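**Q** So that you have it, the file is final.txt, and it contains compact mmCIF, C-alpha atoms:
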# COMPACT_ATOMS: atom_id res chain seq x y z
CA MET U 211 -24.67 20.12 10.43
CA SER U 212 -21.64 22.34 11.09
CA ASN U 213 -20.09 19.30 12.72
CA LEU U 214 -20.45 17.35 9.46
CA ILE U 215 -18.97 20.21 7.43
CA MET U 216 -16.01 20.32 9.80
CA ILE U 217 -15.43 16.57 9.38
CA ALA U 218 -15.70 16.87 5.60
CA LEU U 219 -13.29 19.80 5.33
CA GLY U 220 -10.92 18.18 7.77
CA SER U 221 -10.58 14.91 5.90
CA ALA U 222 -10.80 16.26 2.34
CA LEU U 223 -8.28 19.10 2.64
CA VAL U 224 -6.57 19.51 6.00
CA SER U 225 -5.45 15.94 6.65
CA ASN U 226 -5.59 14.79 3.06
CA VAL U 227 -5.57 11.02 2.82
CA VAL U 228 -2.55 10.66 0.52
CA LEU U 229 -0.62 13.85 1.06
CA SER U 230 -0.59 13.86 4.83
CA GLN U 231 -1.61 10.35 5.88
CA PHE U 232 0.11 8.38 3.09
CA LEU U 233 -2.81 6.02 2.60
CA GLY U 234 -3.60 4.74 -0.89
CA LEU U 235 -0.19 5.70 -2.17
CA CYS U 236 -0.02 2.82 -4.67
CA PRO U 237 -2.90 3.95 -6.91
CA PHE U 238 -1.92 7.59 -6.32
CA LEU U 239 1.47 6.99 -7.90
CA GLY U 240 0.49 4.15 -10.20
CA VAL U 241 -2.65 5.43 -11.94
CA SER U 242 -1.84 9.13 -12.29
CA LYS U 243 -0.26 9.20 -15.74
CA LYS U 244 -3.31 10.65 -17.48
CA THR U 245 -6.05 12.92 -16.19
CA GLU U 246 -8.85 10.69 -17.51
CA THR U 247 -7.63 7.52 -15.83
CA ALA U 248 -6.95 9.49 -12.66
CA ALA U 249 -10.53 10.78 -12.69
CA GLY U 250 -11.82 7.23 -13.26
CA MET U 251 -9.78 5.95 -10.36
CA GLY U 252 -11.00 8.83 -8.20
CA ALA U 253 -14.63 8.06 -9.02
CA ALA U 254 -14.12 4.37 -8.24
CA ILE U 255 -12.45 5.26 -4.93
CA ILE U 256 -15.28 7.64 -3.97
CA PHE U 257 -17.82 4.94 -4.74
CA VAL U 258 -16.03 2.17 -2.85
CA ILE U 259 -14.90 4.15 0.20
CA THR U 260 -18.33 5.71 0.77
CA LEU U 261 -20.01 2.32 0.49
CA ALA U 262 -17.36 0.60 2.61
CA SER U 263 -17.59 3.17 5.41
CA LEU U 264 -21.36 2.78 5.45
CA VAL U 265 -21.17 -1.03 5.63
CA ALA U 266 -18.34 -1.03 8.17
CA ALA U 267 -20.09 1.53 10.39
CA VAL U 268 -23.38 -0.39 10.32
CA LEU U 269 -21.58 -3.66 11.04
CA TYR U 270 -19.62 -2.12 13.91
CA LYS U 271 -22.64 -0.45 15.47
CA PHE U 272 -25.06 -3.37 15.26
CA VAL U 273 -22.85 -6.46 15.41
CA LEU U 274 -19.33 -5.95 16.72
CA ASP U 275 -19.96 -3.36 19.42
CA PRO U 276 -23.05 -4.95 21.08
CA LEU U 277 -21.38 -8.39 21.14
CA GLY U 278 -18.15 -7.01 22.61
CA LEU U 279 -16.16 -8.19 19.57
CA ASP U 280 -14.35 -4.89 19.17
CA TYR U 281 -10.98 -6.64 18.82
CA LEU U 282 -12.15 -8.49 15.69
CA LYS U 283 -12.69 -5.27 13.76
CA THR U 284 -9.52 -5.48 11.63
CA ILE U 285 -10.26 -9.01 10.41
CA VAL U 286 -13.97 -8.35 9.85
CA PHE U 287 -13.43 -5.04 8.06
CA ILE U 288 -10.81 -6.29 5.64
CA LEU U 289 -12.87 -9.34 4.70
CA VAL U 290 -16.07 -7.36 4.35
CA ILE U 291 -14.38 -4.70 2.23
CA ALA U 292 -12.68 -7.22 -0.04
CA ALA U 293 -15.90 -9.17 -0.50
CA LEU U 294 -17.86 -5.95 -1.02
CA VAL U 295 -15.59 -4.79 -3.82
CA GLN U 296 -15.92 -8.14 -5.58
CA PHE U 297 -19.67 -8.09 -5.12
CA VAL U 298 -19.97 -4.53 -6.41
CA GLU U 299 -17.91 -5.49 -9.44
CA MET U 300 -20.16 -8.45 -10.24
CA PHE U 301 -23.30 -6.38 -9.64
CA LEU U 302 -22.16 -3.55 -11.89
CA LYS U 303 -21.17 -5.98 -14.63
CA LYS U 304 -24.68 -7.44 -14.70
CA ALA U 305 -26.88 -4.47 -13.81
CA MET U 306 -25.12 -1.34 -15.05
CA PRO U 307 -22.75 -2.21 -17.88
CA SER U 308 -22.10 1.45 -18.74
CA LEU U 309 -20.95 2.28 -15.21
CA TYR U 310 -18.94 -0.94 -15.18
CA GLU U 311 -17.20 0.16 -18.36
CA ALA U 312 -16.18 3.38 -16.63
CA LEU U 313 -15.17 2.02 -13.21
CA GLY U 314 -14.68 -1.70 -13.83
CA VAL U 315 -10.94 -1.82 -14.46
CA TYR U 316 -10.24 0.20 -11.34
CA LEU U 317 -12.31 -1.86 -8.92
CA PRO U 318 -9.96 -4.85 -8.48
CA LEU U 319 -7.14 -2.39 -7.87
CA ILE U 320 -8.87 -1.13 -4.74
CA THR U 321 -9.65 -4.50 -3.15
CA THR U 322 -6.99 -4.32 -0.48
CA ASN U 323 -6.19 -0.65 -0.73
CA CYS U 324 -5.05 0.68 2.60
CA ALA U 325 -7.11 3.85 2.23
CA VAL U 326 -10.38 1.89 2.31
CA LEU U 327 -9.47 -0.05 5.44
CA GLY U 328 -7.84 3.04 6.94
CA VAL U 329 -11.02 5.10 6.65
CA ALA U 330 -13.17 2.33 8.14
CA LEU U 331 -10.82 1.95 11.11
CA ASN U 332 -10.46 5.70 11.48
CA ASN U 333 -14.24 6.06 11.75
CA VAL U 334 -14.29 3.60 14.63
CA GLN U 335 -11.30 5.20 16.33
CA ALA U 336 -12.87 8.66 16.16
CA SER U 337 -16.18 7.11 17.35
CA TYR U 338 -18.19 8.63 14.54
CA ASN U 339 -21.84 7.63 14.17
CA ILE U 340 -23.13 6.17 10.90
CA ILE U 341 -23.89 9.49 9.16
CA GLU U 342 -20.59 11.00 10.26
CA SER U 343 -18.78 7.87 9.03
CA VAL U 344 -20.34 8.11 5.59
CA VAL U 345 -19.56 11.83 5.34
CA ASN U 346 -16.00 11.21 6.49
CA GLY U 347 -15.60 8.39 3.96
CA PHE U 348 -16.97 10.46 1.11
CA ALA U 349 -14.83 13.48 2.00
CA THR U 350 -11.67 11.41 2.37
CA ALA U 351 -12.24 9.87 -1.05
CA LEU U 352 -12.98 13.30 -2.50
CA GLY U 353 -9.65 14.50 -1.08
CA PHE U 354 -7.96 11.56 -2.79
CA THR U 355 -9.65 12.41 -6.09
CA ILE U 356 -8.62 16.06 -5.89
CA ALA U 357 -5.03 15.10 -5.17
CA ILE U 358 -4.77 12.44 -7.89
CA ILE U 359 -6.31 14.67 -10.58
CA ILE U 360 -3.97 17.55 -9.73
CA LEU U 361 -1.00 15.18 -9.77
CA ALA U 362 -2.07 13.72 -13.12
CA GLY U 363 -2.36 17.22 -14.56
CA ILE U 364 1.14 18.09 -13.41
CA ARG U 365 2.53 14.79 -14.70
CA GLU U 366 1.15 15.43 -18.16
CA LYS U 367 3.16 18.67 -18.19
CA ILE U 368 6.31 17.05 -16.74
CA GLU U 369 6.43 14.79 -19.82
CA TYR U 370 7.81 17.73 -21.79
CA ASN U 371 10.46 18.70 -19.25
CA ASP U 372 14.11 17.79 -19.19
CA VAL U 373 14.46 15.73 -16.01
CA PRO U 374 17.89 14.37 -14.93
CA GLN U 375 18.10 10.70 -15.82
CA PRO U 376 18.09 9.16 -12.30
CA PHE U 377 15.09 11.34 -11.41
CA GLN U 378 13.00 10.24 -14.38
CA GLY U 379 9.89 8.25 -13.62
CA MET U 380 9.00 7.76 -9.96
CA PRO U 381 11.39 10.19 -8.21
CA ILE U 382 10.17 13.30 -10.01
CA VAL U 383 6.57 12.27 -9.29
CA LEU U 384 7.45 11.91 -5.62
CA VAL U 385 9.06 15.36 -5.59
CA THR U 386 5.89 16.72 -7.18
CA ALA U 387 3.80 14.97 -4.54
CA GLY U 388 6.04 16.49 -1.85
CA LEU U 389 5.51 19.98 -3.23
CA MET U 390 1.76 19.33 -3.35
CA ALA U 391 1.93 18.19 0.26
CA ILE U 392 3.56 21.51 1.19
CA ALA U 393 0.73 23.33 -0.59
CA PHE U 394 -1.84 21.26 1.26
CA CYS U 395 -0.12 22.13 4.55
CA GLY U 396 -1.53 25.59 3.95
CA PHE U 397 -5.01 24.26 4.62
CA SER U 398 -4.11 23.45 8.22
CA GLY U 399 -5.15 26.94 9.31
CA LEU U 400 -8.62 26.32 7.87
CA LEU U 401 -10.12 24.61 10.92
CA MET C 299 20.82 -24.34 8.19
CA ASN C 300 22.55 -22.81 5.17
CA LYS C 301 19.17 -22.40 3.54
CA SER C 302 17.94 -20.38 6.53
CA LEU C 303 20.98 -18.13 6.45
CA GLU C 304 20.55 -17.68 2.72
CA ARG C 305 16.92 -16.59 3.27
CA LEU C 306 18.03 -14.08 5.92
CA TYR C 307 20.70 -12.64 3.60
CA ASN C 308 18.21 -12.55 0.74
CA GLY C 309 15.68 -10.56 2.78
CA ILE C 310 18.10 -8.12 4.36
CA VAL C 311 20.41 -7.41 1.42
CA LYS C 312 19.65 -9.00 -1.92
CA GLU C 313 15.91 -8.43 -2.06
CA ASN C 314 15.51 -5.79 0.62
CA PRO C 315 11.76 -5.05 0.48
CA THR C 316 12.02 -1.28 0.79
CA LEU C 317 15.30 -0.40 -0.89
CA VAL C 318 15.33 -3.00 -3.68
CA LEU C 319 11.78 -4.22 -4.27
CA MET C 320 10.10 -0.93 -3.27
CA LEU C 321 7.21 -2.61 -1.47
CA GLY C 322 5.20 -1.39 1.49
CA MET C 323 5.67 2.28 0.82
CA CYS C 324 2.69 3.61 2.80
CA PRO C 325 4.02 2.68 6.27
CA THR C 326 7.57 3.50 5.17
CA LEU C 327 6.62 7.10 4.57
CA ALA C 328 4.11 7.53 7.33
CA VAL C 329 5.88 6.29 10.43
CA THR C 330 9.49 7.23 9.76
CA THR C 331 9.27 10.63 11.44
CA SER C 332 11.83 9.36 13.96
CA ALA C 333 14.26 6.45 14.14
CA ILE C 334 12.50 4.87 17.11
CA ASN C 335 9.12 4.85 15.33
CA GLY C 336 10.72 3.30 12.26
CA LEU C 337 12.35 0.63 14.41
CA GLY C 338 9.08 -0.10 16.25
CA MET C 339 7.07 -0.37 13.05
CA GLY C 340 9.75 -2.54 11.45
CA LEU C 341 9.91 -4.98 14.35
CA THR C 342 6.12 -5.17 14.59
CA THR C 343 5.94 -6.02 10.89
CA THR C 344 8.77 -8.55 11.30
CA VAL C 345 6.86 -10.46 13.98
CA VAL C 346 3.70 -10.57 11.86
CA LEU C 347 5.62 -11.49 8.72
CA ALA C 348 7.63 -14.34 10.28
CA LEU C 349 4.67 -15.87 12.12
CA SER C 350 2.19 -15.57 9.25
CA ASN C 351 4.74 -17.03 6.83
CA MET C 352 5.22 -19.95 9.20
CA ILE C 353 1.50 -20.66 9.63
CA ILE C 354 0.74 -20.27 5.91
CA SER C 355 3.56 -22.66 5.10
CA LEU C 356 2.18 -25.16 7.64
CA LEU C 357 -1.28 -24.93 6.10
CA ARG C 358 -0.17 -24.84 2.47
CA ARG C 359 -1.50 -28.32 1.72
CA ILE C 360 -4.85 -27.63 3.41
CA ILE C 361 -5.75 -24.23 1.93
CA PRO C 362 -7.59 -24.68 -1.40
CA ASP C 363 -5.97 -22.84 -4.27
CA ARG C 364 -8.99 -20.75 -5.23
CA VAL C 365 -9.60 -19.17 -1.83
CA ARG C 366 -5.98 -18.80 -0.78
CA ILE C 367 -5.96 -14.98 -0.82
CA PRO C 368 -8.85 -14.63 1.69
CA ALA C 369 -7.26 -17.38 3.78
CA PHE C 370 -3.94 -15.50 3.83
CA ILE C 371 -5.74 -12.30 4.77
CA VAL C 372 -7.49 -13.97 7.72
CA ILE C 373 -4.22 -15.47 9.02
CA ILE C 374 -2.34 -12.17 8.63
CA ALA C 375 -5.17 -10.15 10.19
CA SER C 376 -5.26 -12.50 13.20
CA PHE C 377 -1.57 -12.00 13.87
CA VAL C 378 -1.90 -8.26 13.40
CA THR C 379 -4.71 -8.20 15.96
CA ILE C 380 -2.65 -10.23 18.45
CA VAL C 381 0.36 -7.95 18.01
CA GLU C 382 -1.83 -4.87 18.28
CA LEU C 383 -3.32 -6.03 21.60
CA LEU C 384 0.14 -6.93 22.96
CA LEU C 385 1.54 -3.53 21.99
CA GLU C 386 -1.43 -1.77 23.56
CA GLY C 387 -0.86 -3.69 26.78
CA PHE C 388 2.91 -3.64 27.08
CA ILE C 389 4.32 -0.74 25.00
CA PRO C 390 1.55 1.87 25.05
CA ALA C 391 3.91 4.68 23.98
CA LEU C 392 4.74 2.92 20.71
CA TYR C 393 1.09 1.93 20.27
CA SER C 394 -0.06 5.54 20.39
CA ALA C 395 2.83 6.71 18.18
CA LEU C 396 2.03 4.22 15.41
CA GLY C 397 -1.74 4.44 15.88
CA LEU C 398 -3.74 3.60 12.78
CA TYR C 399 -0.71 2.13 11.00
CA ILE C 400 -0.63 -0.99 13.20
CA PRO C 401 -3.93 -2.47 11.92
CA LEU C 402 -2.92 -1.35 8.44
CA ILE C 403 -0.03 -3.84 8.50
CA VAL C 404 -2.72 -6.22 7.19
CA VAL C 405 -2.68 -4.55 3.79
CA ASN C 406 1.10 -4.18 3.62
CA CYS C 407 2.07 -5.58 0.21
CA ILE C 408 5.21 -7.23 1.62
CA ILE C 409 3.30 -9.66 3.82
CA LEU C 410 0.76 -10.84 1.26
CA GLY C 411 3.51 -10.85 -1.35
CA ARG C 412 5.77 -13.16 0.67
CA ALA C 413 2.85 -15.41 1.56
CA GLU C 414 1.96 -15.81 -2.09
CA SER C 415 5.41 -16.00 -3.61
CA TYR C 416 7.35 -17.92 -0.94
CA ALA C 417 5.49 -19.35 2.06
CA TYR C 418 2.74 -20.99 0.02
CA LYS C 419 5.29 -23.02 -1.94
CA ASN C 420 8.02 -23.80 0.59
CA PRO C 421 8.56 -25.78 3.83
CA VAL C 422 8.06 -24.29 7.28
CA ILE C 423 11.58 -23.45 8.43
CA PRO C 424 12.80 -21.64 5.29
CA SER C 425 9.47 -19.78 5.19
CA PHE C 426 9.93 -18.61 8.76
CA PHE C 427 13.44 -17.40 8.01
CA ASP C 428 12.29 -15.81 4.78
CA GLY C 429 9.75 -13.80 6.79
CA LEU C 430 12.35 -12.97 9.42
CA GLY C 431 14.89 -11.85 6.81
CA MET C 432 12.38 -9.74 4.89
CA GLY C 433 11.14 -8.25 8.17
CA LEU C 434 14.66 -7.41 9.33
CA GLY C 435 15.45 -5.87 5.95
CA PHE C 436 12.30 -3.78 6.26
CA THR C 437 13.21 -2.81 9.85
CA MET C 438 16.71 -1.82 8.80
CA SER C 439 15.59 0.43 5.98
CA LEU C 440 12.78 1.98 8.05
CA THR C 441 15.20 2.76 10.89
CA MET C 442 17.67 4.25 8.43
CA ILE C 443 15.07 6.49 6.81
CA GLY C 444 13.77 7.46 10.27
CA LEU C 445 17.32 8.25 11.42
CA LEU C 446 17.93 10.47 8.41
CA ARG C 447 14.65 12.36 8.76
CA GLU C 448 15.08 12.79 12.52
CA LEU C 449 18.67 14.00 12.10
CA ILE C 450 17.86 16.60 9.47
CA GLY C 451 14.40 17.53 10.71
CA ALA C 452 15.03 17.71 14.45
CA GLY C 453 18.81 17.42 14.90
CA GLU C 454 18.37 14.32 17.04
CA ILE C 455 19.16 10.61 16.89
CA PHE C 456 16.85 8.33 18.88
CA GLY C 457 15.75 11.43 20.81
CA PHE C 458 19.26 12.58 21.78
CA HIS C 459 20.57 15.91 20.56
CA VAL C 460 23.59 15.34 18.35
CA MET C 461 23.74 18.39 16.12
CA PRO C 462 25.71 21.46 17.32
CA SER C 463 23.53 24.07 18.97
CA GLY C 464 23.91 26.43 16.01
CA TYR C 465 22.11 23.93 13.74
CA GLU C 466 18.67 25.04 12.67
CA PRO C 467 16.52 21.91 12.16
CA VAL C 468 14.80 21.69 8.78
CA ARG C 469 11.34 21.02 10.20
CA ILE C 470 9.87 20.06 6.85
CA PHE C 471 11.72 16.73 6.96
CA VAL C 472 9.73 15.41 9.90
CA MET C 473 6.49 16.65 8.32
CA ALA C 474 4.58 14.90 5.54
CA PRO C 475 6.30 16.56 2.54
CA GLY C 476 9.74 15.54 3.82
CA ALA C 477 8.77 11.89 3.51
CA PHE C 478 8.13 12.32 -0.21
CA PHE C 479 11.45 14.11 -0.73
CA VAL C 480 13.45 11.46 1.16
CA LEU C 481 11.78 8.68 -0.80
CA ALA C 482 12.34 10.54 -4.07
CA CYS C 483 16.08 10.72 -3.33
CA LEU C 484 16.20 7.03 -2.38
CA VAL C 485 14.49 5.97 -5.60
CA ALA C 486 16.77 8.28 -7.60
CA ILE C 487 19.84 6.63 -6.02
CA GLN C 488 18.35 3.24 -6.79
CA ASN C 489 17.72 4.29 -10.42
CA LYS C 490 21.31 5.45 -10.67
CA ILE C 491 22.59 2.09 -9.40
CA LYS C 492 20.25 0.31 -11.78
CA ILE C 493 21.43 2.32 -14.79
CA GLU C 494 25.09 1.73 -13.88
CA GLY C 495 24.43 -1.97 -13.35
CA GLU C 496 22.71 -2.32 -16.71
CA LYS C 497 25.63 -0.63 -18.38
CA LYS C 498 27.89 -3.31 -16.94
CA GLY C 499 25.49 -5.96 -18.17
CA LYS C 500 24.22 -7.18 -14.79
CA ASP C 501 20.72 -8.57 -14.33
CA MET C 502 18.75 -5.77 -12.69
CA SER C 503 15.24 -7.07 -13.33
CA LYS C 504 14.58 -7.60 -9.60
CA VAL C 505 15.39 -4.02 -8.67
CA GLY C 506 12.38 -1.79 -8.16
CA SER C 507 9.78 -4.28 -9.29
CA GLY C 508 7.43 -3.11 -6.54
CA CYS C 509 3.97 -1.75 -7.13
CA SER C 510 4.95 1.90 -7.22
CA HIS C 511 5.37 2.01 -10.99
CA ASP C 512 2.23 1.31 -12.93
CA CYS C 513 -0.76 -0.24 -11.23
CA MET C 514 -2.68 -0.81 -14.44
CA ALA C 515 0.03 -3.03 -15.89
CA CYS C 516 0.99 -4.78 -12.68
CA GLY C 517 0.33 -8.45 -12.00
CA GLU C 518 2.54 -8.55 -8.94
CA ALA C 519 1.39 -10.79 -6.09
CA GLY C 520 0.27 -9.00 -2.99
CA CYS C 521 -0.23 -5.76 -4.85
CA SER C 522 -3.60 -4.10 -4.58
CA ALA C 523 -4.19 -5.26 -8.13
CA ARG C 524 -4.78 -8.73 -6.74
CA LYS C 525 -8.28 -10.09 -6.93
CA PHE C 526 -9.90 -11.35 -3.76
CA TYR C 527 -10.82 -14.58 -5.44
CA ASP C 528 -8.19 -15.71 -7.79
CA ASP C 529 -9.54 -15.59 -11.30
CA THR C 530 -6.66 -17.45 -12.86
CA ALA C 531 -8.98 -19.23 -15.28
CA SER C 532 -10.53 -16.05 -16.67
CA VAL C 533 -7.13 -14.36 -16.90
CA LYS C 534 -5.81 -17.29 -18.90
CA ALA C 535 -8.86 -17.15 -21.17
CA ALA C 536 -8.28 -13.44 -21.76
CA GLU C 537 -4.62 -14.10 -22.57
CA LYS C 538 -5.60 -16.82 -25.02
CA GLU C 539 -8.04 -14.43 -26.67
CA ALA C 540 -5.34 -11.79 -26.98
CA VAL C 541 -2.97 -14.29 -28.55
CA ALA C 542 -5.74 -15.45 -30.89
CA THR C 543 -6.50 -11.91 -32.08
CA GLU C 544 -2.80 -11.29 -32.61
CA ASP C 545 -2.60 -14.41 -34.73
CA GLN C 546 -5.61 -13.21 -36.69
CA LYS C 547 -3.98 -9.83 -37.28
CA ALA C 548 -0.78 -11.47 -38.44
CA GLU C 549 -2.78 -13.65 -40.79
CA GLU C 550 -4.65 -10.64 -42.17
CA GLU C 551 -1.37 -8.86 -42.73
CA VAL C 552 -0.02 -11.84 -44.60
CA ASN C 553 -3.19 -11.92 -46.72
CA ALA C 554 -2.93 -8.19 -47.43
CA ASN C 555 0.69 -8.58 -48.47
CA GLU C 556 -0.25 -11.32 -50.88
Once more with this new file: its structure as structure tokens, please.

**A**
Amino acid sequence: MSNLIMIALGSALVSNVVLSQFLGLCPFLGVSKKTETAAGMGAAIIFVITLASLVAAVLYKFVLDPLGLDYLKTIVFILVIAALVQFVEMFLKKAMPSLYEALGVYLPLITTNCAVLGVALNNVQASYNIIESVVNGFATALGFTIAIIILAGIREKIEYNDVPQPFQGMPIVLVTAGLMAIAFCGFSGLL
Amino acid sequence: MNKSLERLYNGIVKENPTLVLMLGMCPTLAVTTSAINGLGMGLTTTVVLALSNMIISLLRRIIPDRVRIPAFIVIIASFVTIVELLLEGFIPALYSALGLYIPLIVVNCIILGRAESYAYKNPVIPSFFDGLGMGLGFTMSLTMIGLLRELIGAGEIFGFHVMPSGYEPVRIFVMAPGAFFVLACLVAIQNKIKIEGEKKGKDMSKVGSGCSHDCMACGEAGCSARKFYDDTASVKAAEKEAVATEDQKAEEEVNANE
């Protein structure tokens, strides 16, 4: 149990997926204008990454590893994840329209997000078992959500500030992200 | 031959993927802690990009339009796996330095973007050179960023001490936050150039059209906004609907005015 908590803390805060590993940077910068959309994106990411790490871990443990097909993991994972996202989107559209309303627009954005593939590959590299993989996936996505909501909150405030013209738009957001990354460095003493 | 040279020039200078198009930002930030890592990552991507462009161009008449994105992904992922195994076998130091970011070349927007926007529509040789040029442009900018971060953050260039002994390295530049600051400055310089260029009336629409601006509004090929199966038909239907409602609104306005 303490092992799982360590994994969760480690991937949610200490080595935060965007701020220290730079995975999933596109949605982090692209969908963080408003807090609500950021929260929606975060929820969609949590949903997809947790599901994808479960599927990838099961597939690795019961198919790829026993057959000695370890080297195919990149190809298999990316295809499975991409297909999974599409499938989830179709399923939600039919079965849970309200949830689809909330997450639907964000799902296609995550199809080939590097964070999803990164977590799946990371789980294999760290030789986590299935439960550990799911916990790691969930915690990583939670770390992403925390970071994107904080960034969105700051961006809403930046709107009212007088930023030098060349720094308007992306550069000031990147500076903000850099300062957040420094703050998150403080968590490294946690483990 | 001229066409090939033109593709090389286009990739390295005119449409440099990192500095002009702003694509593939995740690896750019993550692996540029030193010049040598940037160079290694750039060359690895170049190999994958050139070869996958070539194969996709060869197969462009065979791949059905609807499933082209998954087909591209399989081709790219195969090359990434080959390159990964070769690196593990022959350059283990680089392999361990780049780690997780080698398999993640698969989801680099540059590769899928070039496959979709160039290789799928053009003959083999220009496609190969297009990949090579883009890859070399990527390598160049990655090495430059790596050089800068290594110089400021560790006082070294390619591992050799160059700064005077009194220089206190700014460690933050080789750590994660430094990457964001360096990129922020690069984009700011690019914005400056863009603003100046627009003042002089030049066409600057290509500059900075990467996916780092607004995901929700982005239809860029190779971006994560891409659907796995191409839903061109449904997109077109949605567009038609939008146009139709606009027409309706205009009509209503006209009626109201009357």

**Q** Any chance you could tabulate, as JSON lines, the residues of chain U at most 7 Å from chain C with each one's nearest atom pair and distance in Å to one decimal, using all atoms listed in the file, in chain and rising number order?

**A**
{"residue": "U:Leu229", "atom": "CA", "partner": "C:Ala474", "partner_atom": "CA", "distance": 6.9}
{"residue": "U:Ser230", "atom": "CA", "partner": "C:Ala474", "partner_atom": "CA", "distance": 5.3}
{"residue": "U:Gln231", "atom": "CA", "partner": "C:Ala328", "partner_atom": "CA", "distance": 6.5}
{"residue": "U:Phe232", "atom": "CA", "partner": "C:Cys324", "partner_atom": "CA", "distance": 5.4}
{"residue": "U:Leu233", "atom": "CA", "partner": "C:Cys324", "partner_atom": "CA", "distance": 6.0}
{"residue": "U:Leu235", "atom": "CA", "partner": "C:Cys324", "partner_atom": "CA", "distance": 6.1}
{"residue": "U:Cys236", "atom": "CA", "partner": "C:Ser510", "partner_atom": "CA", "distance": 5.7}
{"residue": "U:Pro237", "atom": "CA", "partner": "C:Cys513", "partner_atom": "CA", "distance": 6.4}
{"residue": "U:Leu239", "atom": "CA", "partner": "C:Ser510", "partner_atom": "CA", "distance": 6.2}
{"residue": "U:Gly240", "atom": "CA", "partner": "C:Asp512", "partner_atom": "CA", "distance": 4.3}
{"residue": "U:Val241", "atom": "CA", "partner": "C:Cys513", "partner_atom": "CA", "distance": 6.0}
{"residue": "U:Thr284", "atom": "CA", "partner": "C:Pro401", "partner_atom": "CA", "distance": 6.4}
{"residue": "U:Ile285", "atom": "CA", "partner": "C:Ala375", "partner_atom": "CA", "distance": 5.2}
{"residue": "U:Ala292", "atom": "CA", "partner": "C:Phe526", "partner_atom": "CA", "distance": 6.2}
{"residue": "U:Pro318", "atom": "CA", "partner": "C:Lys525", "partner_atom": "CA", "distance": 5.7}
{"residue": "U:Leu319", "atom": "CA", "partner": "C:Ala523", "partner_atom": "CA", "distance": 4.1}
{"residue": "U:Ile320", "atom": "CA", "partner": "C:Ser522", "partner_atom": "CA", "distance": 6.1}
{"residue": "U:Thr321", "atom": "CA", "partner": "C:Ser522", "partner_atom": "CA", "distance": 6.2}
{"residue": "U:Thr322", "atom": "CA", "partner": "C:Ser522", "partner_atom": "CA", "distance": 5.3}
{"residue": "U:Asn323", "atom": "CA", "partner": "C:Ser522", "partner_atom": "CA", "distance": 5.8}
{"residue": "U:Cys324", "atom": "CA", "partner": "C:Val405", "partner_atom": "CA", "distance": 5.9}
{"residue": "U:Gly328", "atom": "CA", "partner": "C:Leu402", "partner_atom": "CA", "distance": 6.8}
{"residue": "U:Pro376", "atom": "CA", "partner": "C:Ala486", "partner_atom": "CA", "distance": 5.0}
{"residue": "U:Phe377", "atom": "CA", "partner": "C:Ala486", "partner_atom": "CA", "distance": 5.2}
{"residue": "U:Met380", "atom": "CA", "partner": "C:His511", "partner_atom": "CA", "distance": 6.9}
{"residue": "U:Pro381", "atom": "CA", "partner": "C:Ala482", "partner_atom": "CA", "distance": 4.3}
{"residue": "U:Ile382", "atom": "CA", "partner": "C:Ala482", "partner_atom": "CA", "distance": 6.9}
{"residue": "U:Leu384", "atom": "CA", "partner": "C:Ala482", "partner_atom": "CA", "distance": 5.3}
{"residue": "U:Val385", "atom": "CA", "partner": "C:Phe479", "partner_atom": "CA", "distance": 5.6}
{"residue": "U:Ala387", "atom": "CA", "partner": "C:Phe478", "partner_atom": "CA", "distance": 6.7}
{"residue": "U:Gly388", "atom": "CA", "partner": "C:Pro475", "partner_atom": "CA", "distance": 4.4}
{"residue": "U:Leu389", "atom": "CA", "partner": "C:Pro475", "partner_atom": "CA", "distance": 6.8}
{"residue": "U:Ala391", "atom": "CA", "partner": "C:Pro475", "partner_atom": "CA", "distance": 5.2}
{"residue": "U:Ile392", "atom": "CA", "partner": "C:Pro475", "partner_atom": "CA", "distance": 5.8}

**Q** Pick from U:Pro307, U:Gly252, U:Gly347, U:Pro374: nearest to Val326 in chain U, with only C-alpha atoms counted?

**A** U:Gly347

**Q** Considering all atoms listed in the file, can you say which of U:Ala218, U:Leu327, U:Leu282, U:Leu223 comes closest to Val258 in chain U?

**A**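 The closest residue to Val258 in chain U is U:Leu327.
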
**Q** Mind giving me the straight-line distance from CA of Ile356 in chain U to CA of Gly234 in chain U in Å, one decimal?

**A** 13.4 Å

**Q** Can you list, as an mmCIF file with C-alpha atoms, keeping the file's coordinate frame, every protein, DNA or RNA residue that comes within 6 Å of range 414-421 of chain C when you count all atoms listed in the file, leaving out same-chain residues fewer than 2 positions away?

**A**
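For reference, around04.cif as written:
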data_model
loop_
_atom_site.group_PDB
_atom_site.id
_atom_site.type_symbol
_atom_site.label_atom_id
_atom_site.label_comp_id
_atom_site.auth_asym_id
_atom_site.auth_seq_id
_atom_site.Cartn_x
_atom_site.Cartn_y
_atom_site.Cartn_z
ATOM 1 C CA ASN C 351 4.740 -17.030 6.830
ATOM 2 C CA SER C 355 3.560 -22.660 5.100
ATOM 3 C CA ARG C 358 -0.170 -24.840 2.470
ATOM 4 C CA GLY C 411 3.510 -10.850 -1.350
ATOM 5 C CA ARG C 412 5.770 -13.160 0.670
ATOM 6 C CA ILE C 423 11.580 -23.450 8.430
ATOM 7 C CA SER C 425 9.470 -19.780 5.190
#

**Q** Could you name the residues that touch Ser394 in chain C at 12 Å or less, counting all atoms listed in the file, but leaving out those on the same chain fewer than 4 positions away, as a PyMOL selection string?

**A** (chain U and resi 335) or (chain C and resi 329+335+338-339+382+385-390+398-400)

**Q** What does the structure give for the distance between CA of Leu349 in chain C and CA of Ala325 in chain U, in Å to one decimal?

**A**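 Calculated distance between CA of Leu349 in chain C and CA of Ala325 in chain U is 25.0 Å.
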